Amino acid sequence: MSTLGVQAEGIPPTLLSRFRLALRHLYGGRSANSRRFLYALLVFDLTSLLFIVTTSFLPRNDLVRVLDVSFGIIFLLELILRLAASRRVGRELLRMTTWTDMAAIISLLAAAASEFAGFLRVLRTFRLLRTFRVVQFLREDSAFFRRNEELLIAVTNLSVFIFVMTGVVYETQRGVNPGIKNYADALYFTITALTTTGFGDITLPGTPGRMITVVIMIFGVTLFLNLAKVLFTPSKVRFSCPSCGLLRHDIDAVHCKACGTVLNIPDEGAV
């Protein structure tokens, strides 16, 4: 917005600048207020995701629709604030998470009038993948997160994929597939396809259904194997080697495996 545009609306440019600067400090700063703000956003994201997933199993009623619209309004306000805080709005608009946010917002706000594309609200789960700064803060503030970071990220990636694909299966198959009567049926099919169990009691007919099944099996198995790898691989600790910069080491490492430099990895046993 130009300065003339701001003045024409009767808003002092300095006030708008201060507001955007405050938002930038909240979204991109390292102060205690910024940490609290981003942690609060993370808690809200988790709460909204729990609501979206839980209500997917419930029959639609007026209360659920009101809550849908309420969450949609809050999501919209948060998106506007995030765009206002960005130094490069164009780059922010090109992010996948921004578009998935928009899709989820449209779906939630339209809930009062129609259930069309209701599965799009599940795309809100992608929010868990964009919290890079929160991950940085969690590394600094939580010993538990540092010890289990790879596991937590692998679980998050797999969970996001499962809920998104379950939403796709439910929306494309309900009403046309007798095996998919509710969200639980769609979740059941997604899990059986992902694990390649394939009981055969529920199938997705036609070429589109087969392509959805192929996507679930290929990408789902990949994410599932990544989770299994993290579970069965010895734990690593994050510590940058002062010589070569290697970041992941065995917990009891004394020397860097890449260059042999003596390491002085802090002991978090009492943290």
# chains A, B, ... in the order shown; residues from 1 in each chain; ligands from 1
>>> select_by_dssp(residues="stretch 58-183 of chain A", states="helix (DSSP H, G or I)", output="PDB file with N, CA and C atoms, in the first residue's frame")
ATOM      1  N   ASP A  62     -25.451 -27.754  13.745  1.00  0.00           N
ATOM      2  CA  ASP A  62     -25.287 -26.299  13.790  1.00  0.00           C
ATOM      3  C   ASP A  62     -24.081 -25.882  14.635  1.00  0.00           C
ATOM      4  N   LEU A  63     -23.841 -26.564  15.761  1.00  0.00           N
ATOM      5  CA  LEU A  63     -22.714 -26.207  16.613  1.00  0.00           C
ATOM      6  C   LEU A  63     -21.389 -26.400  15.880  1.00  0.00           C
ATOM      7  N   VAL A  64     -21.252 -27.527  15.191  1.00  0.00           N
ATOM      8  CA  VAL A  64     -20.015 -27.793  14.454  1.00  0.00           C
ATOM      9  C   VAL A  64     -19.819 -26.752  13.353  1.00  0.00           C
ATOM     10  N   ARG A  65     -20.898 -26.369  12.686  1.00  0.00           N
ATOM     11  CA  ARG A  65     -20.795 -25.365  11.622  1.00  0.00           C
ATOM     12  C   ARG A  65     -20.375 -24.005  12.182  1.00  0.00           C
ATOM     13  N   VAL A  66     -20.925 -23.644  13.340  1.00  0.00           N
ATOM     14  CA  VAL A  66     -20.534 -22.373  13.967  1.00  0.00           C
ATOM     15  C   VAL A  66     -19.052 -22.401  14.339  1.00  0.00           C
ATOM     16  N   LEU A  67     -18.593 -23.520  14.896  1.00  0.00           N
ATOM     17  CA  LEU A  67     -17.180 -23.641  15.249  1.00  0.00           C
ATOM     18  C   LEU A  67     -16.300 -23.627  14.007  1.00  0.00           C
ATOM     19  N   ASP A  68     -16.760 -24.266  12.930  1.00  0.00           N
ATOM     20  CA  ASP A  68     -16.022 -24.235  11.663  1.00  0.00           C
ATOM     21  C   ASP A  68     -15.792 -22.791  11.207  1.00  0.00           C
ATOM     22  N   VAL A  69     -16.877 -22.018  11.185  1.00  0.00           N
ATOM     23  CA  VAL A  69     -16.783 -20.629  10.731  1.00  0.00           C
ATOM     24  C   VAL A  69     -15.901 -19.811  11.678  1.00  0.00           C
ATOM     25  N   SER A  70     -16.012 -20.066  12.984  1.00  0.00           N
ATOM     26  CA  SER A  70     -15.192 -19.331  13.958  1.00  0.00           C
ATOM     27  C   SER A  70     -13.716 -19.602  13.739  1.00  0.00           C
ATOM     28  N   PHE A  71     -13.356 -20.882  13.573  1.00  0.00           N
ATOM     29  CA  PHE A  71     -11.960 -21.208  13.289  1.00  0.00           C
ATOM     30  C   PHE A  71     -11.529 -20.591  11.957  1.00  0.00           C
ATOM     31  N   GLY A  72     -12.405 -20.606  10.968  1.00  0.00           N
ATOM     32  CA  GLY A  72     -12.067 -20.023   9.677  1.00  0.00           C
ATOM     33  C   GLY A  72     -11.752 -18.539   9.782  1.00  0.00           C
ATOM     34  N   ILE A  73     -12.536 -17.810  10.594  1.00  0.00           N
ATOM     35  CA  ILE A  73     -12.299 -16.374  10.780  1.00  0.00           C
ATOM     36  C   ILE A  73     -10.954 -16.138  11.476  1.00  0.00           C
ATOM     37  N   ILE A  74     -10.663 -16.941  12.507  1.00  0.00           N
ATOM     38  CA  ILE A  74      -9.385 -16.791  13.220  1.00  0.00           C
ATOM     39  C   ILE A  74      -8.221 -17.107  12.293  1.00  0.00           C
ATOM     40  N   PHE A  75      -8.352 -18.179  11.497  1.00  0.00           N
ATOM     41  CA  PHE A  75      -7.292 -18.522  10.546  1.00  0.00           C
ATOM     42  C   PHE A  75      -7.066 -17.393   9.547  1.00  0.00           C
ATOM     43  N   LEU A  76      -8.174 -16.787   9.085  1.00  0.00           N
ATOM     44  CA  LEU A  76      -8.065 -15.700   8.121  1.00  0.00           C
ATOM     45  C   LEU A  76      -7.340 -14.504   8.730  1.00  0.00           C
ATOM     46  N   LEU A  77      -7.695 -14.149   9.964  1.00  0.00           N
ATOM     47  CA  LEU A  77      -7.031 -13.030  10.637  1.00  0.00           C
ATOM     48  C   LEU A  77      -5.540 -13.310  10.826  1.00  0.00           C
ATOM     49  N   GLU A  78      -5.205 -14.546  11.206  1.00  0.00           N
ATOM     50  CA  GLU A  78      -3.791 -14.897  11.393  1.00  0.00           C
ATOM     51  C   GLU A  78      -3.036 -14.823  10.079  1.00  0.00           C
ATOM     52  N   LEU A  79      -3.666 -15.254   8.980  1.00  0.00           N
ATOM     53  CA  LEU A  79      -3.024 -15.184   7.667  1.00  0.00           C
ATOM     54  C   LEU A  79      -2.777 -13.734   7.261  1.00  0.00           C
ATOM     55  N   ILE A  80      -3.762 -12.854   7.512  1.00  0.00           N
ATOM     56  CA  ILE A  80      -3.599 -11.431   7.190  1.00  0.00           C
ATOM     57  C   ILE A  80      -2.449 -10.828   7.992  1.00  0.00           C
ATOM     58  N   LEU A  81      -2.378 -11.160   9.283  1.00  0.00           N
ATOM     59  CA  LEU A  81      -1.301 -10.643  10.123  1.00  0.00           C
ATOM     60  C   LEU A  81       0.057 -11.157   9.648  1.00  0.00           C
ATOM     61  N   ARG A  82       0.108 -12.438   9.253  1.00  0.00           N
ATOM     62  CA  ARG A  82       1.367 -13.020   8.785  1.00  0.00           C
ATOM     63  C   ARG A  82       1.831 -12.345   7.494  1.00  0.00           C
ATOM     64  N   LEU A  83       0.881 -12.072   6.597  1.00  0.00           N
ATOM     65  CA  LEU A  83       1.234 -11.384   5.354  1.00  0.00           C
ATOM     66  C   LEU A  83       1.682  -9.952   5.637  1.00  0.00           C
ATOM     67  N   ALA A  84       1.019  -9.292   6.601  1.00  0.00           N
ATOM     68  CA  ALA A  84       1.408  -7.920   6.961  1.00  0.00           C
ATOM     69  C   ALA A  84       2.799  -7.879   7.567  1.00  0.00           C
ATOM     70  N   ALA A  85       3.183  -8.961   8.254  1.00  0.00           N
ATOM     71  CA  ALA A  85       4.507  -9.001   8.890  1.00  0.00           C
ATOM     72  C   ALA A  85       5.607  -9.344   7.911  1.00  0.00           C
ATOM     73  N   VAL A  89       5.829 -10.043   0.562  1.00  0.00           N
ATOM     74  CA  VAL A  89       4.503 -10.648   0.520  1.00  0.00           C
ATOM     75  C   VAL A  89       4.387 -11.592  -0.677  1.00  0.00           C
ATOM     76  N   GLY A  90       4.997 -11.208  -1.814  1.00  0.00           N
ATOM     77  CA  GLY A  90       4.936 -12.042  -2.998  1.00  0.00           C
ATOM     78  C   GLY A  90       5.515 -13.424  -2.759  1.00  0.00           C
ATOM     79  N   ARG A  91       6.650 -13.476  -2.052  1.00  0.00           N
ATOM     80  CA  ARG A  91       7.262 -14.768  -1.748  1.00  0.00           C
ATOM     81  C   ARG A  91       6.385 -15.566  -0.799  1.00  0.00           C
ATOM     82  N   GLU A  92       5.781 -14.886   0.160  1.00  0.00           N
ATOM     83  CA  GLU A  92       4.895 -15.568   1.111  1.00  0.00           C
ATOM     84  C   GLU A  92       3.692 -16.174   0.393  1.00  0.00           C
ATOM     85  N   LEU A  93       3.184 -15.465  -0.620  1.00  0.00           N
ATOM     86  CA  LEU A  93       2.033 -15.960  -1.360  1.00  0.00           C
ATOM     87  C   LEU A  93       2.376 -17.166  -2.227  1.00  0.00           C
ATOM     88  N   MET A  96       3.612 -23.057  -0.375  1.00  0.00           N
ATOM     89  CA  MET A  96       2.557 -24.056  -0.415  1.00  0.00           C
ATOM     90  C   MET A  96       1.646 -23.943   0.800  1.00  0.00           C
ATOM     91  N   THR A  97       2.226 -23.683   1.985  1.00  0.00           N
ATOM     92  CA  THR A  97       1.427 -23.611   3.198  1.00  0.00           C
ATOM     93  C   THR A  97       0.456 -22.436   3.173  1.00  0.00           C
ATOM     94  N   THR A  98       0.816 -21.353   2.466  1.00  0.00           N
ATOM     95  CA  THR A  98      -0.114 -20.229   2.344  1.00  0.00           C
ATOM     96  C   THR A  98      -1.335 -20.635   1.529  1.00  0.00           C
ATOM     97  N   TRP A  99      -1.116 -21.359   0.453  1.00  0.00           N
ATOM     98  CA  TRP A  99      -2.234 -21.803  -0.384  1.00  0.00           C
ATOM     99  C   TRP A  99      -3.078 -22.854   0.324  1.00  0.00           C
ATOM    100  N   THR A 100      -2.447 -23.761   1.057  1.00  0.00           N
ATOM    101  CA  THR A 100      -3.241 -24.743   1.803  1.00  0.00           C
ATOM    102  C   THR A 100      -4.028 -24.058   2.910  1.00  0.00           C
ATOM    103  N   ASP A 101      -3.454 -23.009   3.504  1.00  0.00           N
ATOM    104  CA  ASP A 101      -4.202 -22.227   4.499  1.00  0.00           C
ATOM    105  C   ASP A 101      -5.436 -21.591   3.864  1.00  0.00           C
ATOM    106  N   MET A 102      -5.252 -21.003   2.669  1.00  0.00           N
ATOM    107  CA  MET A 102      -6.376 -20.368   1.983  1.00  0.00           C
ATOM    108  C   MET A 102      -7.471 -21.384   1.675  1.00  0.00           C
ATOM    109  N   ALA A 103      -7.061 -22.577   1.217  1.00  0.00           N
ATOM    110  CA  ALA A 103      -8.043 -23.616   0.903  1.00  0.00           C
ATOM    111  C   ALA A 103      -8.813 -24.026   2.154  1.00  0.00           C
ATOM    112  N   ALA A 104      -8.095 -24.195   3.276  1.00  0.00           N
ATOM    113  CA  ALA A 104      -8.751 -24.575   4.526  1.00  0.00           C
ATOM    114  C   ALA A 104      -9.689 -23.477   5.015  1.00  0.00           C
ATOM    115  N   ILE A 105      -9.266 -22.215   4.869  1.00  0.00           N
ATOM    116  CA  ILE A 105     -10.102 -21.091   5.297  1.00  0.00           C
ATOM    117  C   ILE A 105     -11.397 -21.037   4.492  1.00  0.00           C
ATOM    118  N   ILE A 106     -11.285 -21.188   3.168  1.00  0.00           N
ATOM    119  CA  ILE A 106     -12.473 -21.166   2.311  1.00  0.00           C
ATOM    120  C   ILE A 106     -13.426 -22.293   2.698  1.00  0.00           C
ATOM    121  N   SER A 107     -12.858 -23.475   2.938  1.00  0.00           N
ATOM    122  CA  SER A 107     -13.686 -24.618   3.309  1.00  0.00           C
ATOM    123  C   SER A 107     -14.413 -24.375   4.619  1.00  0.00           C
ATOM    124  N   LEU A 108     -13.713 -23.824   5.607  1.00  0.00           N
ATOM    125  CA  LEU A 108     -14.320 -23.588   6.916  1.00  0.00           C
ATOM    126  C   LEU A 108     -15.378 -22.493   6.856  1.00  0.00           C
ATOM    127  N   LEU A 109     -15.097 -21.397   6.142  1.00  0.00           N
ATOM    128  CA  LEU A 109     -16.052 -20.296   6.057  1.00  0.00           C
ATOM    129  C   LEU A 109     -17.288 -20.684   5.248  1.00  0.00           C
ATOM    130  N   ALA A 110     -17.114 -21.621   4.318  1.00  0.00           N
ATOM    131  CA  ALA A 110     -18.247 -22.057   3.501  1.00  0.00           C
ATOM    132  C   ALA A 110     -19.081 -23.126   4.186  1.00  0.00           C
ATOM    133  N   ALA A 111     -18.645 -23.570   5.363  1.00  0.00           N
ATOM    134  CA  ALA A 111     -19.336 -24.671   6.043  1.00  0.00           C
ATOM    135  C   ALA A 111     -20.768 -24.319   6.402  1.00  0.00           C
ATOM    136  N   ALA A 112     -21.048 -23.036   6.630  1.00  0.00           N
ATOM    137  CA  ALA A 112     -22.397 -22.635   7.026  1.00  0.00           C
ATOM    138  C   ALA A 112     -23.401 -22.830   5.894  1.00  0.00           C
ATOM    139  N   GLY A 118     -15.333 -30.208   1.742  1.00  0.00           N
ATOM    140  CA  GLY A 118     -15.096 -30.130   3.174  1.00  0.00           C
ATOM    141  C   GLY A 118     -13.762 -30.716   3.586  1.00  0.00           C
ATOM    142  N   PHE A 119     -13.228 -31.657   2.779  1.00  0.00           N
ATOM    143  CA  PHE A 119     -11.952 -32.274   3.141  1.00  0.00           C
ATOM    144  C   PHE A 119     -10.811 -31.272   3.103  1.00  0.00           C
ATOM    145  N   LEU A 120     -11.009 -30.121   2.432  1.00  0.00           N
ATOM    146  CA  LEU A 120      -9.921 -29.150   2.316  1.00  0.00           C
ATOM    147  C   LEU A 120      -9.479 -28.626   3.679  1.00  0.00           C
ATOM    148  N   ARG A 121     -10.373 -28.659   4.667  1.00  0.00           N
ATOM    149  CA  ARG A 121     -10.000 -28.177   5.996  1.00  0.00           C
ATOM    150  C   ARG A 121      -8.882 -29.025   6.591  1.00  0.00           C
ATOM    151  N   VAL A 122      -8.791 -30.293   6.138  1.00  0.00           N
ATOM    152  CA  VAL A 122      -7.734 -31.173   6.632  1.00  0.00           C
ATOM    153  C   VAL A 122      -6.366 -30.693   6.153  1.00  0.00           C
ATOM    154  N   LEU A 123      -6.331 -29.877   5.083  1.00  0.00           N
ATOM    155  CA  LEU A 123      -5.062 -29.337   4.608  1.00  0.00           C
ATOM    156  C   LEU A 123      -4.406 -28.440   5.648  1.00  0.00           C
ATOM    157  N   ARG A 124      -5.179 -28.056   6.655  1.00  0.00           N
ATOM    158  CA  ARG A 124      -4.617 -27.248   7.737  1.00  0.00           C
ATOM    159  C   ARG A 124      -3.483 -27.991   8.433  1.00  0.00           C
ATOM    160  N   THR A 125      -3.447 -29.327   8.292  1.00  0.00           N
ATOM    161  CA  THR A 125      -2.375 -30.097   8.924  1.00  0.00           C
ATOM    162  C   THR A 125      -1.009 -29.703   8.377  1.00  0.00           C
ATOM    163  N   PHE A 126      -0.968 -29.132   7.165  1.00  0.00           N
ATOM    164  CA  PHE A 126       0.311 -28.697   6.610  1.00  0.00           C
ATOM    165  C   PHE A 126       0.945 -27.594   7.457  1.00  0.00           C
ATOM    166  N   ARG A 127       0.161 -26.963   8.328  1.00  0.00           N
ATOM    167  CA  ARG A 127       0.714 -25.910   9.192  1.00  0.00           C
ATOM    168  C   ARG A 127       1.817 -26.457  10.080  1.00  0.00           C
ATOM    169  N   LEU A 128       1.733 -27.739  10.421  1.00  0.00           N
ATOM    170  CA  LEU A 128       2.752 -28.324  11.286  1.00  0.00           C
ATOM    171  C   LEU A 128       4.100 -28.414  10.590  1.00  0.00           C
ATOM    172  N   LEU A 129       4.130 -28.258   9.268  1.00  0.00           N
ATOM    173  CA  LEU A 129       5.388 -28.368   8.543  1.00  0.00           C
ATOM    174  C   LEU A 129       6.057 -27.018   8.318  1.00  0.00           C
ATOM    175  N   PHE A 132       9.208 -23.529  11.191  1.00  0.00           N
ATOM    176  CA  PHE A 132      10.667 -23.635  11.261  1.00  0.00           C
ATOM    177  C   PHE A 132      11.220 -22.897  12.474  1.00  0.00           C
ATOM    178  N   ARG A 133      10.723 -21.692  12.712  1.00  0.00           N
ATOM    179  CA  ARG A 133      11.240 -20.914  13.844  1.00  0.00           C
ATOM    180  C   ARG A 133      10.861 -21.571  15.165  1.00  0.00           C
ATOM    181  N   VAL A 134       9.667 -22.161  15.216  1.00  0.00           N
ATOM    182  CA  VAL A 134       9.270 -22.864  16.432  1.00  0.00           C
ATOM    183  C   VAL A 134      10.196 -24.043  16.675  1.00  0.00           C
ATOM    184  N   VAL A 135      10.579 -24.741  15.608  1.00  0.00           N
ATOM    185  CA  VAL A 135      11.522 -25.860  15.740  1.00  0.00           C
ATOM    186  C   VAL A 135      12.844 -25.359  16.307  1.00  0.00           C
ATOM    187  N   GLN A 136      13.313 -24.217  15.824  1.00  0.00           N
ATOM    188  CA  GLN A 136      14.549 -23.637  16.353  1.00  0.00           C
ATOM    189  C   GLN A 136      14.430 -23.359  17.853  1.00  0.00           C
ATOM    190  N   PHE A 137      13.317 -22.761  18.253  1.00  0.00           N
ATOM    191  CA  PHE A 137      13.125 -22.443  19.663  1.00  0.00           C
ATOM    192  C   PHE A 137      13.011 -23.709  20.505  1.00  0.00           C
ATOM    193  N   LEU A 138      12.324 -24.733  19.976  1.00  0.00           N
ATOM    194  CA  LEU A 138      12.188 -25.984  20.715  1.00  0.00           C
ATOM    195  C   LEU A 138      13.545 -26.656  20.908  1.00  0.00           C
ATOM    196  N   ARG A 139      14.413 -26.549  19.912  1.00  0.00           N
ATOM    197  CA  ARG A 139      15.769 -27.098  20.058  1.00  0.00           C
ATOM    198  C   ARG A 139      16.506 -26.417  21.201  1.00  0.00           C
ATOM    199  N   GLU A 140      16.291 -25.121  21.333  1.00  0.00           N
ATOM    200  CA  GLU A 140      16.992 -24.365  22.363  1.00  0.00           C
ATOM    201  C   GLU A 140      16.372 -24.562  23.743  1.00  0.00           C
ATOM    202  N   ASP A 141      15.044 -24.711  23.796  1.00  0.00           N
ATOM    203  CA  ASP A 141      14.338 -24.686  25.071  1.00  0.00           C
ATOM    204  C   ASP A 141      14.002 -26.062  25.635  1.00  0.00           C
ATOM    205  N   ALA A 143      15.075 -30.085  26.038  1.00  0.00           N
ATOM    206  CA  ALA A 143      16.009 -31.199  25.889  1.00  0.00           C
ATOM    207  C   ALA A 143      15.297 -32.414  25.298  1.00  0.00           C
ATOM    208  N   PHE A 144      14.021 -32.607  25.671  1.00  0.00           N
ATOM    209  CA  PHE A 144      13.251 -33.725  25.127  1.00  0.00           C
ATOM    210  C   PHE A 144      13.130 -33.615  23.613  1.00  0.00           C
ATOM    211  N   PHE A 145      12.851 -32.405  23.099  1.00  0.00           N
ATOM    212  CA  PHE A 145      12.714 -32.221  21.660  1.00  0.00           C
ATOM    213  C   PHE A 145      14.055 -32.459  20.970  1.00  0.00           C
ATOM    214  N   ARG A 146      15.159 -31.977  21.554  1.00  0.00           N
ATOM    215  CA  ARG A 146      16.471 -32.184  20.941  1.00  0.00           C
ATOM    216  C   ARG A 146      16.795 -33.667  20.827  1.00  0.00           C
ATOM    217  N   ARG A 147      16.443 -34.439  21.861  1.00  0.00           N
ATOM    218  CA  ARG A 147      16.750 -35.870  21.845  1.00  0.00           C
ATOM    219  C   ARG A 147      15.870 -36.643  20.866  1.00  0.00           C
ATOM    220  N   ASN A 148      14.664 -36.140  20.609  1.00  0.00           N
ATOM    221  CA  ASN A 148      13.705 -36.901  19.804  1.00  0.00           C
ATOM    222  C   ASN A 148      13.248 -36.137  18.565  1.00  0.00           C
ATOM    223  N   GLU A 149      14.036 -35.178  18.109  1.00  0.00           N
ATOM    224  CA  GLU A 149      13.608 -34.321  17.001  1.00  0.00           C
ATOM    225  C   GLU A 149      13.283 -35.124  15.743  1.00  0.00           C
ATOM    226  N   GLU A 150      14.163 -36.021  15.333  1.00  0.00           N
ATOM    227  CA  GLU A 150      13.929 -36.782  14.106  1.00  0.00           C
ATOM    228  C   GLU A 150      12.663 -37.631  14.212  1.00  0.00           C
ATOM    229  N   LEU A 151      12.443 -38.229  15.379  1.00  0.00           N
ATOM    230  CA  LEU A 151      11.253 -39.050  15.581  1.00  0.00           C
ATOM    231  C   LEU A 151       9.993 -38.196  15.507  1.00  0.00           C
ATOM    232  N   LEU A 152       9.989 -37.049  16.180  1.00  0.00           N
ATOM    233  CA  LEU A 152       8.813 -36.187  16.198  1.00  0.00           C
ATOM    234  C   LEU A 152       8.489 -35.664  14.802  1.00  0.00           C
ATOM    235  N   ILE A 153       9.526 -35.297  14.039  1.00  0.00           N
ATOM    236  CA  ILE A 153       9.300 -34.797  12.683  1.00  0.00           C
ATOM    237  C   ILE A 153       8.790 -35.913  11.779  1.00  0.00           C
ATOM    238  N   ALA A 154       9.341 -37.122  11.931  1.00  0.00           N
ATOM    239  CA  ALA A 154       8.878 -38.261  11.121  1.00  0.00           C
ATOM    240  C   ALA A 154       7.422 -38.586  11.424  1.00  0.00           C
ATOM    241  N   VAL A 155       7.037 -38.563  12.707  1.00  0.00           N
ATOM    242  CA  VAL A 155       5.646 -38.818  13.097  1.00  0.00           C
ATOM    243  C   VAL A 155       4.731 -37.738  12.534  1.00  0.00           C
ATOM    244  N   THR A 156       5.177 -36.482  12.592  1.00  0.00           N
ATOM    245  CA  THR A 156       4.382 -35.377  12.062  1.00  0.00           C
ATOM    246  C   THR A 156       4.169 -35.521  10.560  1.00  0.00           C
ATOM    247  N   ASN A 157       5.242 -35.826   9.826  1.00  0.00           N
ATOM    248  CA  ASN A 157       5.132 -35.982   8.372  1.00  0.00           C
ATOM    249  C   ASN A 157       4.151 -37.097   8.010  1.00  0.00           C
ATOM    250  N   LEU A 158       4.264 -38.237   8.692  1.00  0.00           N
ATOM    251  CA  LEU A 158       3.381 -39.362   8.401  1.00  0.00           C
ATOM    252  C   LEU A 158       1.934 -39.033   8.766  1.00  0.00           C
ATOM    253  N   SER A 159       1.730 -38.364   9.906  1.00  0.00           N
ATOM    254  CA  SER A 159       0.374 -38.008  10.338  1.00  0.00           C
ATOM    255  C   SER A 159      -0.285 -37.042   9.356  1.00  0.00           C
ATOM    256  N   VAL A 160       0.488 -36.038   8.911  1.00  0.00           N
ATOM    257  CA  VAL A 160      -0.047 -35.084   7.938  1.00  0.00           C
ATOM    258  C   VAL A 160      -0.484 -35.814   6.673  1.00  0.00           C
ATOM    259  N   PHE A 161       0.363 -36.706   6.181  1.00  0.00           N
ATOM    260  CA  PHE A 161       0.039 -37.442   4.957  1.00  0.00           C
ATOM    261  C   PHE A 161      -1.222 -38.292   5.137  1.00  0.00           C
ATOM    262  N   ILE A 162      -1.310 -38.985   6.266  1.00  0.00           N
ATOM    263  CA  ILE A 162      -2.463 -39.857   6.523  1.00  0.00           C
ATOM    264  C   ILE A 162      -3.759 -39.060   6.540  1.00  0.00           C
ATOM    265  N   PHE A 163      -3.779 -37.929   7.268  1.00  0.00           N
ATOM    266  CA  PHE A 163      -5.021 -37.164   7.390  1.00  0.00           C
ATOM    267  C   PHE A 163      -5.401 -36.481   6.078  1.00  0.00           C
ATOM    268  N   VAL A 164      -4.411 -36.000   5.317  1.00  0.00           N
ATOM    269  CA  VAL A 164      -4.723 -35.382   4.034  1.00  0.00           C
ATOM    270  C   VAL A 164      -5.282 -36.416   3.065  1.00  0.00           C
ATOM    271  N   MET A 165      -4.622 -37.573   2.958  1.00  0.00           N
ATOM    272  CA  MET A 165      -5.101 -38.609   2.033  1.00  0.00           C
ATOM    273  C   MET A 165      -6.437 -39.191   2.484  1.00  0.00           C
ATOM    274  N   THR A 166      -6.656 -39.286   3.796  1.00  0.00           N
ATOM    275  CA  THR A 166      -7.956 -39.743   4.280  1.00  0.00           C
ATOM    276  C   THR A 166      -9.053 -38.771   3.852  1.00  0.00           C
ATOM    277  N   GLY A 167      -8.767 -37.480   3.939  1.00  0.00           N
ATOM    278  CA  GLY A 167      -9.725 -36.481   3.482  1.00  0.00           C
ATOM    279  C   GLY A 167     -10.007 -36.598   1.991  1.00  0.00           C
ATOM    280  N   VAL A 168      -8.966 -36.838   1.197  1.00  0.00           N
ATOM    281  CA  VAL A 168      -9.142 -36.998  -0.251  1.00  0.00           C
ATOM    282  C   VAL A 168     -10.003 -38.228  -0.542  1.00  0.00           C
ATOM    283  N   VAL A 169      -9.684 -39.346   0.111  1.00  0.00           N
ATOM    284  CA  VAL A 169     -10.449 -40.578  -0.101  1.00  0.00           C
ATOM    285  C   VAL A 169     -11.916 -40.368   0.280  1.00  0.00           C
ATOM    286  N   TYR A 170     -12.149 -39.750   1.431  1.00  0.00           N
ATOM    287  CA  TYR A 170     -13.528 -39.548   1.896  1.00  0.00           C
ATOM    288  C   TYR A 170     -14.322 -38.672   0.937  1.00  0.00           C
ATOM    289  N   GLU A 171     -13.704 -37.562   0.512  1.00  0.00           N
ATOM    290  CA  GLU A 171     -14.434 -36.613  -0.331  1.00  0.00           C
ATOM    291  C   GLU A 171     -14.704 -37.183  -1.722  1.00  0.00           C
ATOM    292  N   THR A 172     -13.779 -37.956  -2.262  1.00  0.00           N
ATOM    293  CA  THR A 172     -13.958 -38.477  -3.621  1.00  0.00           C
ATOM    294  C   THR A 172     -14.808 -39.740  -3.670  1.00  0.00           C
ATOM    295  N   GLN A 173     -14.957 -40.440  -2.528  1.00  0.00           N
ATOM    296  CA  GLN A 173     -15.634 -41.735  -2.550  1.00  0.00           C
ATOM    297  C   GLN A 173     -16.997 -41.754  -1.866  1.00  0.00           C
ATOM    298  N   TYR A 183     -15.889 -40.964   7.697  1.00  0.00           N
ATOM    299  CA  TYR A 183     -14.455 -40.651   7.735  1.00  0.00           C
ATOM    300  C   TYR A 183     -13.645 -41.822   8.271  1.00  0.00           C
TER     301      TYR A 183
END
>>> atom_distance(atom1="atom CA of A:Asn264", atom2="atom CA of A:Ala32")
28.6 Å
>>> atom_distance(atom1="atom CA of A:Phe239", atom2="atom CA of A:Gly260")
14.2 Å
>>> closest_residue(among="A:Thr54, A:Arg24, A:Ala40, A:Leu49", to="A:Arg87", atoms="only C-alpha atoms")
A:Arg24
>>> residues_around(residues="A:Thr195", least_positions_apart="2", cutoff="8 Å", atoms="only C-alpha atoms", output="PyMOL selection string")
chain A and resi 191-193+197-198+217+220-221
>>> write_last_selection(atoms="C-alpha atoms", output="mmCIF file, in the first residue's frame")
data_model
loop_
_atom_site.group_PDB
_atom_site.id
_atom_site.type_symbol
_atom_site.label_atom_id
_atom_site.label_comp_id
_atom_site.auth_asym_id
_atom_site.auth_seq_id
_atom_site.Cartn_x
_atom_site.Cartn_y
_atom_site.Cartn_z
ATOM 1 C CA ILE A 191 -4.053 -47.193 6.689
ATOM 2 C CA THR A 192 -4.529 -50.583 5.010
ATOM 3 C CA ALA A 193 -3.275 -49.191 1.683
ATOM 4 C CA THR A 197 -2.049 -54.956 4.008
ATOM 5 C CA GLY A 198 -4.855 -54.754 1.454
ATOM 6 C CA MET A 217 1.127 -46.772 -1.193
ATOM 7 C CA GLY A 220 2.864 -43.550 2.527
ATOM 8 C CA VAL A 221 5.241 -46.507 2.561
#
>>> atom_distance(atom1="atom CA of A:Asp185", atom2="atom CA of A:Phe44")
27.8 Å
>>> residues_around(residues="A:His25", least_positions_apart="4", cutoff="12 Å", atoms="only C-alpha atoms", output="PyMOL selection string")
chain A and resi 18-21+29-38+82+84-87
>>> closest_residue(among="A:Leu15, A:Leu227, A:Leu204, A:Leu58", to="A:Gly179", atoms="only C-alpha atoms")
A:Leu204
